[in-house]
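Working notes for the structure below.
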Amino acid sequence: MNINSTVISGYQTLNDIGYLLKDRQHVLLVTDKNIGGIPLVQELIKQVCDKVATVKMVDSVPPEPSQHDVAAIVASLDTSGVDLVIGVGGGSVLDVAKLLSVLCVAHSPTLEALLNGEKPQSRTASLLIPTTAGTGSEATPNAILAIPEKETKVGIISPVMLPDYVVLAPELTTSMPAHIASSTGIDALCHLIECFTATVSNPVSDNYALIGLQKLFASLETAVAEPGNLAARLDMLWASYYGGAAIAHAGTHLVHAMSYPLGGKYHIPHGVANAILLAPCMRFVRPAAVAKFAQAWDLVPGADLSLSDEEKSVALVDYFAALVKRLKLPASLDELGIGSDHLPYLVEAALDVQRLMKNVPAPVSASDVRDVYLTLFPTQNH
Ligand SMILES: NC(=O)c1ccc[n+]([C@@H]2O[C@H](COP(=O)([O-])OP(=O)(O)OC[C@H]3O[C@@H](n4cnc5c(N)ncnc54)[C@H](O)[C@@H]3O)[C@@H](O)[C@H]2O)c1
Ligand SMILES: [Fe+2]
């Protein structure tokens, strides 16, 4: 898959994106209420308003949007004439902006048709500016929507949704509360390690994954502890971008497949669900991915490089479990007060995510999935 986006990154790049608006007249700017209130974003909106003829704002994107949220946004909008869609936000906003860039185009498939697998042929010009680090949505062909009736999430997937421009501006991510910086950072880590170990991994995705892992291991904890540390924030934006690029060239597997039902059923934010699943899923996958786990371990700052590959792979899983704890993220569903009564539903729904289950580098049975979910309820009897 080609990622043809132009990426502009670095300090204070936001002051300087006027030229991306050249020849544009009618902008659709997509964000959410929190992000719209950030002073830097308000300055950005002013910059856009000063440069183009009309700006339509959508600031009602909720976290983890559902198909109905997007349908309501589409129904409330007149998109005729829009010649640039700008998304400023976390994965929720960027996914909706990607969909709107397709739905803006005359004779585009409807949202329902896209959900049923019809593929878009074109989109309007688009610029994506992530404020979390993150989903890497700015570098993936995916838009993920919750389907409340099925209590799970689905991906609408097409390379057409990859944007023309991406701006990685570290100043924009400094306002993330620590728990969001931590959980979205773990989402990026899952993208990187899952793509690195997926059956569909290849030298291109491995390259992205290794660079991303190195940046993430070096900077995630610093970024969370020191919100104003722009170097760490920029590293995290790149780690997230590379996670997205790795997804575009390979694909995630067990953590994401098992995480969708947790988001769909209990509305646990995506990064938190992934944090809970990271170590248990990697413990299951480890024996089938010893050499790659060892390669990833070598990138952890201060890692003991004298260990055997087998020992390194075990050390990496332990490091993941300890990292989730240090970041003060939940490590079980018990901690969220969730009972294990929905286990049969969770197992069936996770196995249904065939798009990702087929990427797991080891055979996975229903009882394997059940066993991994069971570890998330350590204080409940079964
Ligand atoms: N397209 C993809 O490839 C892809 C990959 C992974 C996840 N996703 C999807 O992305 C969504 C999750 O995105 P997310 O984890 O980035 O979170 P999010 O976009 O839902 O944002 C979480 C919360 O953080 C707030 N926030 C975001 N940036 C902020 C900032 N800089 N300062 C203050 N508050 C800020 C938001 O307003 C929101 O309340 C889910 O729907 C998930 O399924 C998509
Ligand atoms: Fe993710």
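We label chains A, B, ... in the order they appear in the structure tokens, count residues from 1 in each chain, and number ligands from 1 in the order shown.
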task: For ligand 2, list the contacting residues at 7 Å or closer, counting only C-alpha atoms and all ligand atoms, as a count of residues only.
output: 8
Expected answer as a PyMOL selection string: residues within 8 Å of ligand 1, only C-alpha atoms and all ligand atoms: chain A and resi 32-35+38+62-65+89-95+130-146+153+155+172-177+180+183-184+187-188+191+244+247+260+269-271
message: Counting only C-alpha atoms, which residue out of A:Leu216, A:Lys150, A:Pro301, A:Asn207 sits closest to Gly264 (chain A)?
response: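 Among the listed residues, A:Lys150 lies closest to Gly264 (chain A).
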message: Which residues are close to region 375-379 of chain A, i.e. within 7 Å by only C-alpha atoms, leaving aside same-chain residues fewer than 6 positions away? Reply as a count of residues only.
response: 4
- prompt: Residues at most 12 Å from Ala106 (chain A), counting only C-alpha atoms, excluding those fewer than 3 positions away in the same chain, as a ChimeraX atom specification?
  reply: /A:78-83,100-103,109-110,120-124
- prompt: Between A:Ile129, A:Val61, A:Leu115, A:Val74, which has the minimum distance to Thr13 (chain A) (counting only C-alpha atoms)?
  reply: A:Ile129
task: Assign secondary structure with DSSP using the backbone only, and return the residues of region 46-241 of chain A in alpha helix (DSSP H) as a PyMOL selection string.
output: chain A and resi 46-51+67-75+91-103+111-115+178-197+203-225+230-241
message: List the spatial neighbours of Asp298 (chain A) as a list in words - criterion: any atom at most 9 Å away, only C-alpha atoms, same-chain residues fewer than 6 positions off excluded.
response: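 Listing them by chain and then by number gives Asp304, Leu305 and Lys312 of chain A.
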task: Would you list, as a ChimeraX atom specification, the residues of region 104-194 of chain A that end up in strand (DSSP E or B) under DSSP run on this structure's backbone?
output: /A:125-130,142-147,152-157,165-168
Can I get the selected residues back with C-alpha atoms, as a compact mmCIF listing (two decimals), in the first residue's frame?
# COMPACT_ATOMS: atom_id res chain seq x y z
CA ALA A 125 -8.38 16.97 -0.37
CA SER A 126 -7.56 16.29 3.28
CA LEU A 127 -5.22 17.42 6.05
CA LEU A 128 -5.00 15.49 9.31
CA ILE A 129 -3.49 16.90 12.49
CA PRO A 130 -3.32 14.41 15.39
CA ASN A 142 -8.86 2.64 8.46
CA ALA A 143 -11.78 4.41 10.07
CA ILE A 144 -13.12 2.56 13.11
CA LEU A 145 -16.76 2.91 14.15
CA ALA A 146 -18.68 1.42 17.06
CA ILE A 147 -21.76 -0.60 16.08
CA THR A 152 -18.51 -4.25 18.81
CA LYS A 153 -16.49 -2.08 16.43
CA VAL A 154 -15.83 -2.38 12.72
CA GLY A 155 -13.24 -0.88 10.40
CA ILE A 156 -14.06 0.82 7.12
CA ILE A 157 -10.87 0.31 5.18
CA TYR A 165 -1.15 16.22 4.28
CA VAL A 166 -0.26 15.32 7.85
CA VAL A 167 1.03 17.82 10.41
CA LEU A 168 2.82 16.42 13.47
- prompt: Nearest to Ala53 (chain A) among A:Ala248, A:Ala273, A:Leu21, A:Ala303, with distances taken over only C-alpha atoms: which residue is it?
  reply: A:Leu21
message: I'd like the contact shell of Glu310 (chain A) - 9 Å cut-off, only C-alpha atoms, skipping same-chain residues fewer than 3 positions apart - returned as a list of chain:residue names.
response: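 Once the adjacent positions are removed, what remains is A:Pro287, A:Val290, A:Ala291, A:Phe293, A:Ala294, A:Leu307, A:Ser313, A:Val314, A:Ala315.
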With N, CA and C atoms retained, write the just-selected residues as a CSV table (one decimal), in the first residue's frame.
chain,number,residue,atom,x,y,z
A,287,PRO,N,5.8,-17.5,22.5
A,287,PRO,CA,6.5,-18.6,22.0
A,287,PRO,C,6.6,-18.7,20.5
A,290,VAL,N,9.6,-15.5,19.3
A,290,VAL,CA,10.7,-15.3,20.2
A,290,VAL,C,11.8,-14.4,19.5
A,291,ALA,N,12.1,-14.6,18.3
A,291,ALA,CA,13.2,-13.9,17.7
A,291,ALA,C,12.8,-12.4,17.5
A,293,PHE,N,10.5,-10.8,19.4
A,293,PHE,CA,10.4,-10.2,20.7
A,293,PHE,C,11.8,-9.8,21.2
A,294,ALA,N,12.8,-10.7,20.9
A,294,ALA,CA,14.2,-10.4,21.3
A,294,ALA,C,14.7,-9.2,20.6
A,307,LEU,N,21.3,-11.5,27.5
A,307,LEU,CA,20.3,-12.6,27.6
A,307,LEU,C,20.2,-13.4,26.3
A,313,SER,N,12.7,-12.5,25.2
A,313,SER,CA,11.3,-12.5,24.8
A,313,SER,C,10.5,-12.5,26.1
A,314,VAL,N,10.9,-13.2,27.1
A,314,VAL,CA,10.2,-13.2,28.4
A,314,VAL,C,10.3,-11.9,29.1
A,315,ALA,N,11.5,-11.3,29.0
A,315,ALA,CA,11.7,-10.0,29.6
A,315,ALA,C,10.9,-8.9,29.0
query: Which one is closest to His179 (chain A): A:Val58, A:Cys281, A:Val272, A:Ile338? Count only C-alpha atoms.
result: A:Val272
For Val70 (chain A), the nearest of the candidates A:Val52, A:Leu111, A:Ala288, A:Ala218, counting only C-alpha atoms: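 Nearest candidate to Val70 (chain A) out of A:Val52, A:Leu111, A:Ala288, A:Ala218: A:Leu111.
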field: Two-atom distance - CA of Leu374 (chain A), CA of Val360 (chain A) (Å)
entry: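 Taking CA of Leu374 (chain A) as the start and CA of Val360 (chain A) as the end point, the length is 18.9 Å.
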message: So the first atom is CA of Ala246 (chain A) and the second is CA of Ser205 (chain A); what is the distance between them in Å, to one decimal place?
response: 4.5 Å
- request: May I ask which of the residues A:Met161, A:Ala181, A:Met236, A:Leu299 is the closest one to Asn2 (chain A), counting only C-alpha atoms?
  value: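 That would be A:Met161, the residue with the smallest distance to Asn2 (chain A).
For Pro344 (chain A), the non-local neighbours within 12 Å, defined as residues at least 6 positions apart in the same chain or in other chains and counting only C-alpha atoms, are A:Pro261, A:Ala350, A:Leu351, A:Ala366, A:Ser367, A:Val369, A:Arg370, A:Asp371, A:Tyr373, A:Leu374.
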Writing out the chosen residues with N, CA and C atoms as a compact mmCIF listing (two decimals), in the first residue's frame:
# COMPACT_ATOMS: atom_id res chain seq x y z
N PRO A 261 -14.39 -6.04 21.22
CA PRO A 261 -15.58 -6.32 22.04
C PRO A 261 -15.57 -5.61 23.39
N ALA A 350 -14.64 -11.75 19.70
CA ALA A 350 -13.23 -11.59 19.33
C ALA A 350 -12.89 -12.51 18.16
N LEU A 351 -13.39 -13.75 18.22
CA LEU A 351 -13.10 -14.69 17.12
C LEU A 351 -13.72 -14.23 15.81
N ALA A 366 -10.83 -21.12 20.38
CA ALA A 366 -11.78 -20.42 21.26
C ALA A 366 -11.33 -20.55 22.71
N SER A 367 -10.79 -21.72 23.07
CA SER A 367 -10.40 -21.86 24.48
C SER A 367 -9.14 -21.05 24.80
N VAL A 369 -8.58 -18.06 23.48
CA VAL A 369 -9.10 -16.69 23.66
C VAL A 369 -9.77 -16.59 25.03
N ARG A 370 -10.52 -17.63 25.38
CA ARG A 370 -11.19 -17.62 26.70
C ARG A 370 -10.15 -17.55 27.82
N ASP A 371 -9.07 -18.34 27.67
CA ASP A 371 -8.03 -18.35 28.72
C ASP A 371 -7.39 -16.97 28.88
N TYR A 373 -8.82 -14.02 28.10
CA TYR A 373 -9.81 -13.15 28.76
C TYR A 373 -9.90 -13.46 30.26
N LEU A 374 -9.80 -14.76 30.61
CA LEU A 374 -9.92 -15.15 32.02
C LEU A 374 -8.88 -14.46 32.90
- request: To one decimal in Å, tell me the separation between CA of Glu112 (chain A) and CA of His68 (chain A).
  value: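 Calculated distance between CA of Glu112 (chain A) and CA of His68 (chain A) is 10.1 Å.
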